[in-house]
Amino acid sequence: MVRIIGLKLYSLLFFILLSCFIIIYSHVNLATTGNTATQSQILIPPQSFRQVSYYNDIKPILDSRCVACHSCYDSPCQLKLSSFEGVDRGASKKTVYDHERLIAQEPSRLYIDETTTAGWREKGFFPVLNEQASSPETNLNNSLIAKLLQLKRDNPLPSSGKLPKSIELDLERSLQCPSPDEFQKYRQDHPLWGMPYGLPPLTRDQENTLLSWLQAGTKPDIQHVLSSAAEAEIEKWELFFNAPSLKSQLVARYIYEHLYIGDMHFKGHPANEFYKLVRSKTPPGQAIEELKSIRPFDDPGIDRFYYRLRPITSTIVDKNHFVYELSDNRMRRLQELFFKPDFTITKLPGYDPQSAANPFNTFSELPAISRYQFLLDDAQYFFSGFIKGPVCRGQAAVNVIRDQFWIAFIKPQNDFMQESTEFLAENNHYLRMPASEGEKIGLISWLDVNKLQQQYVDKKETFIHKALLRHHDVDFNLIWDGDGHNDNALLTVFRHFDNATVVKGLVGKTPLTAWVVDYPLFERIHYLLVAGFNVYGTAGHQVTTRLYMDSLRMEAENNFLRFMPVQYRKAMRDSWYQGIDAKLFSFFEKPLYGISKETAISYETNDYKKEFFEKIQQRLGPAAGEPDLINRCMQEPCIRKNSTDDQRQTDAMIRQLANLKGHEIQALPEVSFLRVTTDNPDKDLVYTLIRNQKLLNVSFIFAENLRREPEKDTLTVVPGFLGSYPNIFLSVQKQQLPDFIEQLKHTRTESEKDLLYGRYGIRRNNPRIWQYYDWFNQKYLNEQPETAGLFDMNRYENL
């Protein structure tokens with residue numbers, strides 16, 4: 001019996017040892033060969049070899065789940081998934097945003113700087129699709145996309161509460177950007193970093209669809225075919241832009257240098273058809289070969305080039321989408337502005353950097369009033385270029401402006417503008433822009449440019465008194481009235497830390513600051529922040545751009561101060577520049593011109609700024625845009641036009657929310673999308689909550705937190721959508737709005753914030769977040785089919 005028990009124990013011991021050996025061997029084999037699904041081999045989807053279309057099946061998934069982060073310059077690892085060309089190009093370890101580089105980086109613009117897969121590989125981009133011998137197995141196992149999807153599936157995030165701290169969301173975080181050969185280490189070091197990053201996984205069906213496409217060899221099966229109507233419009237406009245006369249060539253150059261950054265749309269054509277105005281080596285009728293210049297005024301390098309309209313084939317995203325409409329009326333307007341006036345072009349300007357970067361030199365023979373009216377006609381478009389166009393992300397650039405301010409424009413007057421044309425031509429040397437130095441600009445060059453700017457402001461002041469204020473009072477007649485109908489006459493800009501939004505009309509409560517913009521100022525802002533800016537440029541280029549914008553901002557503020565009573569101007573300006581020592585403050589005193597010329601406006605209150613804009617709104621009528629009845633309800637009842645019962649009832653409660661300020665809104669991020677649910681989900685309402693952060697001043701690039709005055713923050717609530725980067729989605733039942741407002745008012749601590757967002761917020765790892773993302777995007781598209789684009793999730797917070 002003892003022997004039997006001993007044998008059984010021996011057998012059991014042998015079995016345990018054998019099992020341990022098998023387990024150890026298996027793990028060694030896994031580590032050395034990587035031959036299982038849990039390590040490197042991708043699980044083949046159940047629907048093996050299922051026929052999948054890129055255009056019909058894959059692109060909708062990429063658009064709704066991946067483009068949320070992977071588009072524009074701020075795509076992590078430069079992986080742009082908004083088109084097949086971007087997927088095929090792959091990813092890169094180089095970062096576009098670098099505030100420390102001393103040498104300009106080689107640009108990597110999709111469709112422009114390279115057009116072949118081999119070319120992108122030479123530029124350091126590595127594949128995310130299989131590029132080895134094709135087979136169903138290798139197509140999956142060599143696909144970085146498949147590996148990242150599998151990593152997410154193998155290591156799901158918690159579905160409630162905040163994300164783990166290992167999920168880094170800081171925009172300045174160091175991106176890993178693993179190549180396929182480096183993925184095994186990435187998997188071991190960052191098991192929770194599967195895709196979508198820091199968000200719930202795709203559905204099984206979406207995963208299987210993507211994996212089936214990857215397995216089958218990733219065929220694009222997409223063709224961009226223009227309609228006959230689109231071809232006719234393109235032919236007509238390209239004929240206009242390429243007319244041979246000297247006047248036509250100079251006008252076309254001026255229009256191109258201002259429109260190239262936005263999206264062109266033919267009026268009456270499908271809402272999803274857009275074009276880029278580009279310079280091409282090839283004439284109309286041939287395939288476009290776009291010039292690879294960084295700036296629109298760079299030397300083309302060839303004797304003859306052509307302005308062409310290139311169809312936009314990538315997915316439209318809101319953060320860089322702003323639309324300029326082309327129509328028969330538009331062409332008539334351009335003819336009226338630039339060809340009806342009697343002037344002669346004697347010689348076309350060249351493209352040397354010193355002169356081409358200065359529009360007052362290049363276009364000195366075009367009437368200033370024509371140029372200015374061209375900008376005014378679509379002021380929101382051009383300010384959107386400053387805000388959205390060049391960079392997608394740029395905290396060091398946009399922190400030169402306040403979180404909220406209003407803009408009005410000086411009226412273009414024939415007699416004054418004729419003299420202005422001569423004045424600008426004679427003094428264009430003083431208007432030299434930082435871009436004239438290219439990437440070589442440094443401290444010495446900047447000091448020279450800044451000195452010229454100060455000299456220009458001195459000369460401008462003398463000229464204004466001589467040519468304008470000697471004949472005109474400083475009153476409302478100097479403010480552009482939108483020609484009685486153009487709602488670009490008044491604008492509001494909202495800054496959201498490292499991005500911003502510009503909208504028509506006066507939105508929000510009366511802001512701390514305001515701008516009044518004249519023609520030279522408008523033009524210089526464009527050539528500073530858009531035409532002359534290089535996102536791949538050096539630190540010196542970026543810093544000097546920011547510093548020059550300081551001067552332009554103060555010039556715009558000074559224009560506004562002219563309309564305030566003399567004795568109030570310095571006190572108002574001092575309130576904008578607090579917390580600066582005496583030496584620095586003396587610098588900011590220089591732009592305060594016109595102190596001796598009293599305004600002719602008769603004010604009835606002591607709140608001059610508020611009264612000034614209220615009277616402008618009254619004078620402009622339809623050109624002032626829709627009144628803001630949420631944030632500035634002057635007299636009850638404040639009812640929006642064509643509003644439903646639900647909207648009127650909700651607006652009344654939302655006004656209470658808009659009145660919160662300071663510590664009552666400290667729990668909110670900068671941009672929140674609020675969905676107010678009703679009894680009918682199809683009728684749910686949307687509001688954007690914008691937290692305007694109060695700063696002592698905006699005169700420095702860094703240390704913004706040291707200049708914060710959170711107790712003076714304000715909240716702007718806008719019906720519909722404002723901003724491209726939501727920081728949080730909120731969902732509140734209509735009848736719960738009073739409770740939500742009350743809870744928000746008293747939320748201070750982290751535990752209280754956790755309760756607030758646990759009840760009303762849609763956190764990053766909430767399984768329903770994709771449903772909300774889809775709903776908000778579709779709602780936006782339904783409301784604004786031509787101007788809407790997909791929202792970006794790169795700044796969605798872990799609240």
# chains A, B, ... in the order shown; residues from 1 in each chain; ligands from 1
>>> closest_atom_pairs(of="region 378-466 of chain A", to="region 613-628 of chain A", cutoff="12 Å", atoms="only C-alpha atoms", output="Markdown table")
| residue | atom | partner | partner_atom | distance |
| --- | --- | --- | --- | --- |
| A:Phe405 | CA | A:Phe613 | CA | 11.8 |
| A:Trp406 | CA | A:Phe613 | CA | 9.0 |
| A:Ile407 | CA | A:Phe613 | CA | 9.8 |
| A:Ala408 | CA | A:Phe613 | CA | 9.1 |
| A:Phe409 | CA | A:Ile616 | CA | 11.3 |
>>> residues_around(residues="Glu273 (chain A)", least_positions_apart="2", cutoff="10 Å", atoms="only C-alpha atoms", output="list in words")
Leu226, Ala230, Asp263, Met264, His265, Phe266, His269, Pro270, Ala271, Tyr275, Pro311, Ile312, Thr313, Ile316 and Glu786 of chain A
>>> residues_around(residues="Gln249 (chain A)", least_positions_apart="5", cutoff="12 Å", atoms="only C-alpha atoms", output="mmCIF file with all heavy atoms, in the first residue's frame")
data_model
loop_
_atom_site.group_PDB
_atom_site.id
_atom_site.type_symbol
_atom_site.label_atom_id
_atom_site.label_comp_id
_atom_site.auth_asym_id
_atom_site.auth_seq_id
_atom_site.Cartn_x
_atom_site.Cartn_y
_atom_site.Cartn_z
ATOM 1 N N LEU A 239 -9.846 79.651 -66.170
ATOM 2 C CA LEU A 239 -9.693 80.620 -67.249
ATOM 3 C C LEU A 239 -9.571 82.027 -66.664
ATOM 4 O O LEU A 239 -8.742 82.831 -67.108
ATOM 5 C CB LEU A 239 -10.885 80.530 -68.200
ATOM 6 C CG LEU A 239 -10.866 81.470 -69.422
ATOM 7 C CD1 LEU A 239 -9.704 81.107 -70.342
ATOM 8 C CD2 LEU A 239 -12.189 81.389 -70.176
ATOM 9 N N PHE A 240 -10.379 82.325 -65.659
ATOM 10 C CA PHE A 240 -10.329 83.636 -65.000
ATOM 11 C C PHE A 240 -8.978 83.862 -64.325
ATOM 12 O O PHE A 240 -8.364 84.921 -64.458
ATOM 13 C CB PHE A 240 -11.465 83.735 -63.978
ATOM 14 C CG PHE A 240 -11.402 84.956 -63.106
ATOM 15 C CD1 PHE A 240 -11.807 86.193 -63.570
ATOM 16 C CD2 PHE A 240 -10.936 84.876 -61.795
ATOM 17 C CE1 PHE A 240 -11.753 87.331 -62.762
ATOM 18 C CE2 PHE A 240 -10.875 85.993 -60.980
ATOM 19 C CZ PHE A 240 -11.281 87.221 -61.468
ATOM 20 N N PHE A 241 -8.500 82.852 -63.587
ATOM 21 C CA PHE A 241 -7.260 83.008 -62.825
ATOM 22 C C PHE A 241 -6.019 83.042 -63.714
ATOM 23 O O PHE A 241 -4.960 83.508 -63.273
ATOM 24 C CB PHE A 241 -7.113 81.871 -61.809
ATOM 25 C CG PHE A 241 -8.030 81.979 -60.628
ATOM 26 C CD1 PHE A 241 -8.837 80.913 -60.259
ATOM 27 C CD2 PHE A 241 -8.091 83.138 -59.874
ATOM 28 C CE1 PHE A 241 -9.691 81.009 -59.161
ATOM 29 C CE2 PHE A 241 -8.940 83.247 -58.784
ATOM 30 C CZ PHE A 241 -9.741 82.180 -58.426
ATOM 31 N N ASN A 242 -6.117 82.558 -64.931
ATOM 32 C CA ASN A 242 -4.943 82.465 -65.804
ATOM 33 C C ASN A 242 -5.035 83.366 -67.031
ATOM 34 O O ASN A 242 -4.364 83.122 -68.040
ATOM 35 C CB ASN A 242 -4.717 81.013 -66.220
ATOM 36 C CG ASN A 242 -4.357 80.116 -65.050
ATOM 37 O OD1 ASN A 242 -3.268 80.214 -64.492
ATOM 38 N ND2 ASN A 242 -5.280 79.253 -64.649
ATOM 39 N N ALA A 243 -5.850 84.405 -66.950
ATOM 40 C CA ALA A 243 -5.940 85.370 -68.046
ATOM 41 C C ALA A 243 -4.571 86.021 -68.267
ATOM 42 O O ALA A 243 -3.817 86.245 -67.314
ATOM 43 C CB ALA A 243 -7.010 86.407 -67.751
ATOM 44 N N PRO A 244 -4.222 86.374 -69.506
ATOM 45 C CA PRO A 244 -2.833 86.752 -69.815
ATOM 46 C C PRO A 244 -2.422 88.188 -69.528
ATOM 47 O O PRO A 244 -1.225 88.471 -69.435
ATOM 48 C CB PRO A 244 -2.749 86.480 -71.327
ATOM 49 C CG PRO A 244 -4.155 86.674 -71.826
ATOM 50 C CD PRO A 244 -5.043 86.189 -70.708
ATOM 51 N N TYR A 254 -2.689 88.172 -56.265
ATOM 52 C CA TYR A 254 -3.204 88.694 -54.998
ATOM 53 C C TYR A 254 -4.290 87.773 -54.436
ATOM 54 O O TYR A 254 -4.279 87.429 -53.246
ATOM 55 C CB TYR A 254 -3.774 90.100 -55.198
ATOM 56 C CG TYR A 254 -4.288 90.722 -53.916
ATOM 57 C CD1 TYR A 254 -3.413 91.290 -53.004
ATOM 58 C CD2 TYR A 254 -5.646 90.701 -53.603
ATOM 59 C CE1 TYR A 254 -3.868 91.848 -51.821
ATOM 60 C CE2 TYR A 254 -6.112 91.257 -52.420
ATOM 61 C CZ TYR A 254 -5.223 91.821 -51.534
ATOM 62 O OH TYR A 254 -5.680 92.352 -50.356
ATOM 63 N N ILE A 255 -5.233 87.361 -55.274
ATOM 64 C CA ILE A 255 -6.315 86.490 -54.819
ATOM 65 C C ILE A 255 -5.757 85.157 -54.334
ATOM 66 O O ILE A 255 -6.140 84.654 -53.271
ATOM 67 C CB ILE A 255 -7.347 86.284 -55.944
ATOM 68 C CG1 ILE A 255 -8.048 87.611 -56.261
ATOM 69 C CG2 ILE A 255 -8.370 85.219 -55.554
ATOM 70 C CD1 ILE A 255 -8.961 87.541 -57.465
ATOM 71 N N TYR A 256 -4.832 84.585 -55.102
ATOM 72 C CA TYR A 256 -4.254 83.293 -54.708
ATOM 73 C C TYR A 256 -3.565 83.377 -53.359
ATOM 74 O O TYR A 256 -3.754 82.501 -52.491
ATOM 75 C CB TYR A 256 -3.257 82.817 -55.766
ATOM 76 C CG TYR A 256 -2.364 81.707 -55.257
ATOM 77 C CD1 TYR A 256 -2.867 80.421 -55.062
ATOM 78 C CD2 TYR A 256 -1.034 81.952 -54.914
ATOM 79 C CE1 TYR A 256 -2.051 79.404 -54.556
ATOM 80 C CE2 TYR A 256 -0.219 80.951 -54.408
ATOM 81 C CZ TYR A 256 -0.744 79.677 -54.227
ATOM 82 O OH TYR A 256 0.052 78.684 -53.712
ATOM 83 N N ARG A 304 6.765 79.841 -66.160
ATOM 84 C CA ARG A 304 5.311 79.867 -66.338
ATOM 85 C C ARG A 304 4.671 78.816 -65.459
ATOM 86 O O ARG A 304 5.061 77.648 -65.473
ATOM 87 C CB ARG A 304 4.957 79.579 -67.803
ATOM 88 C CG ARG A 304 3.460 79.686 -68.115
ATOM 89 C CD ARG A 304 3.019 81.138 -68.175
ATOM 90 N NE ARG A 304 1.668 81.284 -68.711
ATOM 91 C CZ ARG A 304 0.562 81.447 -67.971
ATOM 92 N NH1 ARG A 304 0.649 81.481 -66.653
ATOM 93 N NH2 ARG A 304 -0.617 81.605 -68.536
ATOM 94 N N PHE A 305 3.743 79.242 -64.662
ATOM 95 C CA PHE A 305 2.945 78.304 -63.884
ATOM 96 C C PHE A 305 1.490 78.711 -64.009
ATOM 97 O O PHE A 305 1.163 79.760 -64.573
ATOM 98 C CB PHE A 305 3.388 78.263 -62.414
ATOM 99 C CG PHE A 305 3.149 79.556 -61.682
ATOM 100 C CD1 PHE A 305 1.920 79.811 -61.067
ATOM 101 C CD2 PHE A 305 4.137 80.520 -61.598
ATOM 102 C CE1 PHE A 305 1.693 81.007 -60.398
ATOM 103 C CE2 PHE A 305 3.917 81.720 -60.926
ATOM 104 C CZ PHE A 305 2.693 81.961 -60.328
ATOM 105 N N TYR A 306 0.592 77.879 -63.442
ATOM 106 C CA TYR A 306 -0.835 78.100 -63.627
ATOM 107 C C TYR A 306 -1.563 77.935 -62.300
ATOM 108 O O TYR A 306 -1.189 77.083 -61.477
ATOM 109 C CB TYR A 306 -1.413 77.110 -64.655
ATOM 110 C CG TYR A 306 -0.696 77.154 -65.982
ATOM 111 C CD1 TYR A 306 0.446 76.382 -66.195
ATOM 112 C CD2 TYR A 306 -1.139 77.980 -67.005
ATOM 113 C CE1 TYR A 306 1.125 76.424 -67.408
ATOM 114 C CE2 TYR A 306 -0.475 78.026 -68.226
ATOM 115 C CZ TYR A 306 0.661 77.254 -68.411
ATOM 116 O OH TYR A 306 1.327 77.309 -69.614
ATOM 117 N N TYR A 307 -2.589 78.758 -62.114
ATOM 118 C CA TYR A 307 -3.449 78.596 -60.943
ATOM 119 C C TYR A 307 -4.515 77.557 -61.280
ATOM 120 O O TYR A 307 -5.233 77.670 -62.277
ATOM 121 C CB TYR A 307 -4.096 79.932 -60.569
ATOM 122 C CG TYR A 307 -3.091 80.985 -60.178
ATOM 123 C CD1 TYR A 307 -2.819 82.062 -61.017
ATOM 124 C CD2 TYR A 307 -2.406 80.894 -58.965
ATOM 125 C CE1 TYR A 307 -1.893 83.032 -60.658
ATOM 126 C CE2 TYR A 307 -1.470 81.861 -58.609
ATOM 127 C CZ TYR A 307 -1.214 82.921 -59.463
ATOM 128 O OH TYR A 307 -0.283 83.872 -59.111
ATOM 129 N N PHE A 338 -11.573 94.729 -58.957
ATOM 130 C CA PHE A 338 -10.217 94.781 -59.481
ATOM 131 C C PHE A 338 -10.099 95.189 -60.951
ATOM 132 O O PHE A 338 -9.011 95.566 -61.394
ATOM 133 C CB PHE A 338 -9.528 93.428 -59.283
ATOM 134 C CG PHE A 338 -9.287 93.074 -57.838
ATOM 135 C CD1 PHE A 338 -10.032 92.097 -57.201
ATOM 136 C CD2 PHE A 338 -8.317 93.744 -57.109
ATOM 137 C CE1 PHE A 338 -9.808 91.773 -55.869
ATOM 138 C CE2 PHE A 338 -8.083 93.428 -55.782
ATOM 139 C CZ PHE A 338 -8.831 92.447 -55.156
ATOM 140 N N PHE A 339 -11.169 95.089 -61.712
ATOM 141 C CA PHE A 339 -11.054 95.388 -63.137
ATOM 142 C C PHE A 339 -11.860 96.618 -63.562
ATOM 143 O O PHE A 339 -11.548 97.234 -64.581
ATOM 144 C CB PHE A 339 -11.477 94.173 -63.962
ATOM 145 C CG PHE A 339 -10.549 93.007 -63.801
ATOM 146 C CD1 PHE A 339 -10.835 91.991 -62.891
ATOM 147 C CD2 PHE A 339 -9.366 92.941 -64.520
ATOM 148 C CE1 PHE A 339 -9.970 90.924 -62.725
ATOM 149 C CE2 PHE A 339 -8.484 91.874 -64.349
ATOM 150 C CZ PHE A 339 -8.784 90.865 -63.452
ATOM 151 N N ILE A 345 -1.145 98.492 -64.786
ATOM 152 C CA ILE A 345 -0.016 97.739 -64.253
ATOM 153 C C ILE A 345 1.139 97.894 -65.223
ATOM 154 O O ILE A 345 1.043 97.519 -66.397
ATOM 155 C CB ILE A 345 -0.375 96.245 -64.072
ATOM 156 C CG1 ILE A 345 -1.594 96.086 -63.180
ATOM 157 C CG2 ILE A 345 0.828 95.481 -63.506
ATOM 158 C CD1 ILE A 345 -1.447 96.649 -61.799
ATOM 159 N N THR A 346 2.218 98.461 -64.755
ATOM 160 C CA THR A 346 3.360 98.723 -65.632
ATOM 161 C C THR A 346 4.353 97.574 -65.681
ATOM 162 O O THR A 346 5.023 97.353 -66.690
ATOM 163 C CB THR A 346 4.088 99.984 -65.159
ATOM 164 O OG1 THR A 346 4.504 99.809 -63.790
ATOM 165 C CG2 THR A 346 3.172 101.194 -65.244
ATOM 166 N N LYS A 347 4.437 96.815 -64.572
ATOM 167 C CA LYS A 347 5.412 95.735 -64.507
ATOM 168 C C LYS A 347 5.012 94.769 -63.408
ATOM 169 O O LYS A 347 4.587 95.184 -62.325
ATOM 170 C CB LYS A 347 6.812 96.291 -64.226
ATOM 171 C CG LYS A 347 7.900 95.239 -64.160
ATOM 172 C CD LYS A 347 9.244 95.886 -63.806
ATOM 173 C CE LYS A 347 10.336 94.829 -63.686
ATOM 174 N NZ LYS A 347 11.652 95.430 -63.306
ATOM 175 N N LEU A 348 5.130 93.488 -63.689
ATOM 176 C CA LEU A 348 4.796 92.497 -62.671
ATOM 177 C C LEU A 348 5.916 92.391 -61.646
ATOM 178 O O LEU A 348 7.105 92.389 -62.006
ATOM 179 C CB LEU A 348 4.567 91.124 -63.314
ATOM 180 C CG LEU A 348 3.315 90.975 -64.173
ATOM 181 C CD1 LEU A 348 3.258 89.584 -64.796
ATOM 182 C CD2 LEU A 348 2.050 91.229 -63.343
ATOM 183 N N PRO A 349 5.580 92.304 -60.358
ATOM 184 C CA PRO A 349 6.605 92.169 -59.315
ATOM 185 C C PRO A 349 7.242 90.782 -59.344
ATOM 186 O O PRO A 349 6.669 89.820 -59.851
ATOM 187 C CB PRO A 349 5.816 92.382 -58.019
ATOM 188 C CG PRO A 349 4.423 91.944 -58.357
ATOM 189 C CD PRO A 349 4.221 92.317 -59.798
ATOM 190 N N PHE A 363 1.964 94.480 -54.253
ATOM 191 C CA PHE A 363 0.681 94.869 -54.849
ATOM 192 C C PHE A 363 0.437 96.374 -54.780
ATOM 193 O O PHE A 363 -0.697 96.833 -54.704
ATOM 194 C CB PHE A 363 -0.453 94.107 -54.151
ATOM 195 C CG PHE A 363 -0.278 92.618 -54.196
ATOM 196 C CD1 PHE A 363 0.080 91.906 -53.054
ATOM 197 C CD2 PHE A 363 -0.438 91.932 -55.387
ATOM 198 C CE1 PHE A 363 0.262 90.541 -53.094
ATOM 199 C CE2 PHE A 363 -0.260 90.551 -55.435
ATOM 200 C CZ PHE A 363 0.093 89.850 -54.296
ATOM 201 N N LEU A 366 -2.100 97.887 -57.190
ATOM 202 C CA LEU A 366 -3.528 97.595 -57.039
ATOM 203 C C LEU A 366 -4.134 98.610 -56.075
ATOM 204 O O LEU A 366 -3.558 98.869 -55.011
ATOM 205 C CB LEU A 366 -3.751 96.178 -56.484
ATOM 206 C CG LEU A 366 -3.387 94.989 -57.376
ATOM 207 C CD1 LEU A 366 -3.711 93.690 -56.653
ATOM 208 C CD2 LEU A 366 -4.113 95.053 -58.705
#
>>> closest_residue(among="A:Pro180, A:Pro164, A:Pro60, A:Pro200", to="Gly90 (chain A)", atoms="only C-alpha atoms")
A:Pro180
>>> select_by_dssp(residues="region 17-233 of chain A", states="alpha helix (DSSP H)", output="VMD selection string")
chain A and resid 17 to 33 59 to 61 84 to 89 117 to 122 136 to 141 144 to 154 183 to 189 204 to 216 228 to 233
>>> residues_around(residues="Ala118 (chain A)", least_positions_apart="6", cutoff="12 Å", atoms="only C-alpha atoms", output="list in words")
Asp88, Arg89, Gly90, Gly124, Phe125, Phe126, Pro127 and Glu131 of chain A
>>> residues_around(residues="Arg101 (chain A)", least_positions_apart="6", cutoff="10 Å", atoms="only C-alpha atoms", output="list in words")
Tyr536, Gly537, Thr538, Ala539 and Gly540 of chain A
>>> write_last_selection(atoms="all heavy atoms", output="mmCIF file, in the first residue's frame")
data_model
loop_
_atom_site.group_PDB
_atom_site.id
_atom_site.type_symbol
_atom_site.label_atom_id
_atom_site.label_comp_id
_atom_site.auth_asym_id
_atom_site.auth_seq_id
_atom_site.Cartn_x
_atom_site.Cartn_y
_atom_site.Cartn_z
ATOM 1 N N TYR A 536 6.939 74.379 -40.240
ATOM 2 C CA TYR A 536 8.167 73.582 -40.172
ATOM 3 C C TYR A 536 9.392 74.467 -39.899
ATOM 4 O O TYR A 536 10.521 74.004 -39.973
ATOM 5 C CB TYR A 536 8.390 72.839 -41.491
ATOM 6 C CG TYR A 536 7.296 71.866 -41.851
ATOM 7 C CD1 TYR A 536 6.259 72.236 -42.703
ATOM 8 C CD2 TYR A 536 7.291 70.568 -41.347
ATOM 9 C CE1 TYR A 536 5.255 71.343 -43.032
ATOM 10 C CE2 TYR A 536 6.288 69.669 -41.675
ATOM 11 C CZ TYR A 536 5.268 70.068 -42.518
ATOM 12 O OH TYR A 536 4.274 69.176 -42.842
ATOM 13 N N GLY A 537 9.158 75.732 -39.592
ATOM 14 C CA GLY A 537 10.246 76.689 -39.457
ATOM 15 C C GLY A 537 11.007 76.589 -38.153
ATOM 16 O O GLY A 537 10.688 75.784 -37.264
ATOM 17 N N THR A 538 11.990 77.446 -38.021
ATOM 18 C CA THR A 538 12.871 77.437 -36.859
ATOM 19 C C THR A 538 12.193 78.076 -35.651
ATOM 20 O O THR A 538 11.179 78.758 -35.769
ATOM 21 C CB THR A 538 14.152 78.219 -37.164
ATOM 22 O OG1 THR A 538 13.792 79.591 -37.422
ATOM 23 C CG2 THR A 538 14.871 77.652 -38.372
ATOM 24 N N ALA A 539 12.817 77.879 -34.500
ATOM 25 C CA ALA A 539 12.319 78.522 -33.279
ATOM 26 C C ALA A 539 12.368 80.028 -33.421
ATOM 27 O O ALA A 539 11.465 80.743 -32.967
ATOM 28 C CB ALA A 539 13.153 78.054 -32.085
ATOM 29 N N GLY A 540 13.421 80.539 -34.072
ATOM 30 C CA GLY A 540 13.522 81.979 -34.275
ATOM 31 C C GLY A 540 12.372 82.521 -35.097
ATOM 32 O O GLY A 540 11.813 83.582 -34.786
#
>>> residues_around(residues="Pro412 (chain A)", least_positions_apart="3", cutoff="9 Å", atoms="only C-alpha atoms", output="PyMOL selection string")
chain A and resi 369+372-373+409+416-417+478-480+518-519
>>> write_last_selection(atoms="N, CA, C and O atoms", output="mmCIF file, in the first residue's frame")
data_model
loop_
_atom_site.group_PDB
_atom_site.id
_atom_site.type_symbol
_atom_site.label_atom_id
_atom_site.label_comp_id
_atom_site.auth_asym_id
_atom_site.auth_seq_id
_atom_site.Cartn_x
_atom_site.Cartn_y
_atom_site.Cartn_z
ATOM 1 N N ILE A 369 -8.201 100.405 -51.853
ATOM 2 C CA ILE A 369 -9.612 100.227 -51.505
ATOM 3 C C ILE A 369 -10.141 98.914 -52.074
ATOM 4 O O ILE A 369 -10.986 98.257 -51.456
ATOM 5 N N TYR A 372 -8.732 96.153 -49.772
ATOM 6 C CA TYR A 372 -9.385 96.166 -48.460
ATOM 7 C C TYR A 372 -10.820 95.645 -48.553
ATOM 8 O O TYR A 372 -11.251 94.832 -47.733
ATOM 9 N N GLN A 373 -11.555 96.071 -49.580
ATOM 10 C CA GLN A 373 -12.939 95.615 -49.703
ATOM 11 C C GLN A 373 -12.997 94.120 -49.970
ATOM 12 O O GLN A 373 -13.901 93.428 -49.494
ATOM 13 N N PHE A 409 -14.348 97.076 -37.952
ATOM 14 C CA PHE A 409 -13.420 97.461 -39.007
ATOM 15 C C PHE A 409 -13.603 98.937 -39.384
ATOM 16 O O PHE A 409 -14.719 99.473 -39.345
ATOM 17 N N PHE A 416 -10.016 108.842 -48.695
ATOM 18 C CA PHE A 416 -8.949 108.438 -47.780
ATOM 19 C C PHE A 416 -8.160 107.250 -48.338
ATOM 20 O O PHE A 416 -6.938 107.212 -48.255
ATOM 21 N N MET A 417 -8.845 106.276 -48.934
ATOM 22 C CA MET A 417 -8.167 105.084 -49.422
ATOM 23 C C MET A 417 -7.282 105.399 -50.631
ATOM 24 O O MET A 417 -6.255 104.750 -50.835
ATOM 25 N N LEU A 478 -16.885 106.249 -38.937
ATOM 26 C CA LEU A 478 -15.605 105.647 -39.307
ATOM 27 C C LEU A 478 -15.650 104.124 -39.284
ATOM 28 O O LEU A 478 -14.703 103.476 -39.741
ATOM 29 N N ILE A 479 -16.722 103.550 -38.756
ATOM 30 C CA ILE A 479 -16.832 102.098 -38.632
ATOM 31 C C ILE A 479 -17.568 101.530 -39.841
ATOM 32 O O ILE A 479 -18.622 102.032 -40.230
ATOM 33 N N TRP A 480 -16.999 100.479 -40.437
ATOM 34 C CA TRP A 480 -17.634 99.823 -41.583
ATOM 35 C C TRP A 480 -18.979 99.240 -41.167
ATOM 36 O O TRP A 480 -19.075 98.524 -40.164
ATOM 37 N N ASP A 518 -7.909 98.208 -39.410
ATOM 38 C CA ASP A 518 -7.858 98.963 -40.657
ATOM 39 C C ASP A 518 -7.179 98.115 -41.733
ATOM 40 O O ASP A 518 -6.724 96.999 -41.463
ATOM 41 N N TYR A 519 -7.081 98.656 -42.949
ATOM 42 C CA TYR A 519 -6.549 97.832 -44.041
ATOM 43 C C TYR A 519 -5.103 97.376 -43.829
ATOM 44 O O TYR A 519 -4.811 96.177 -43.931
#
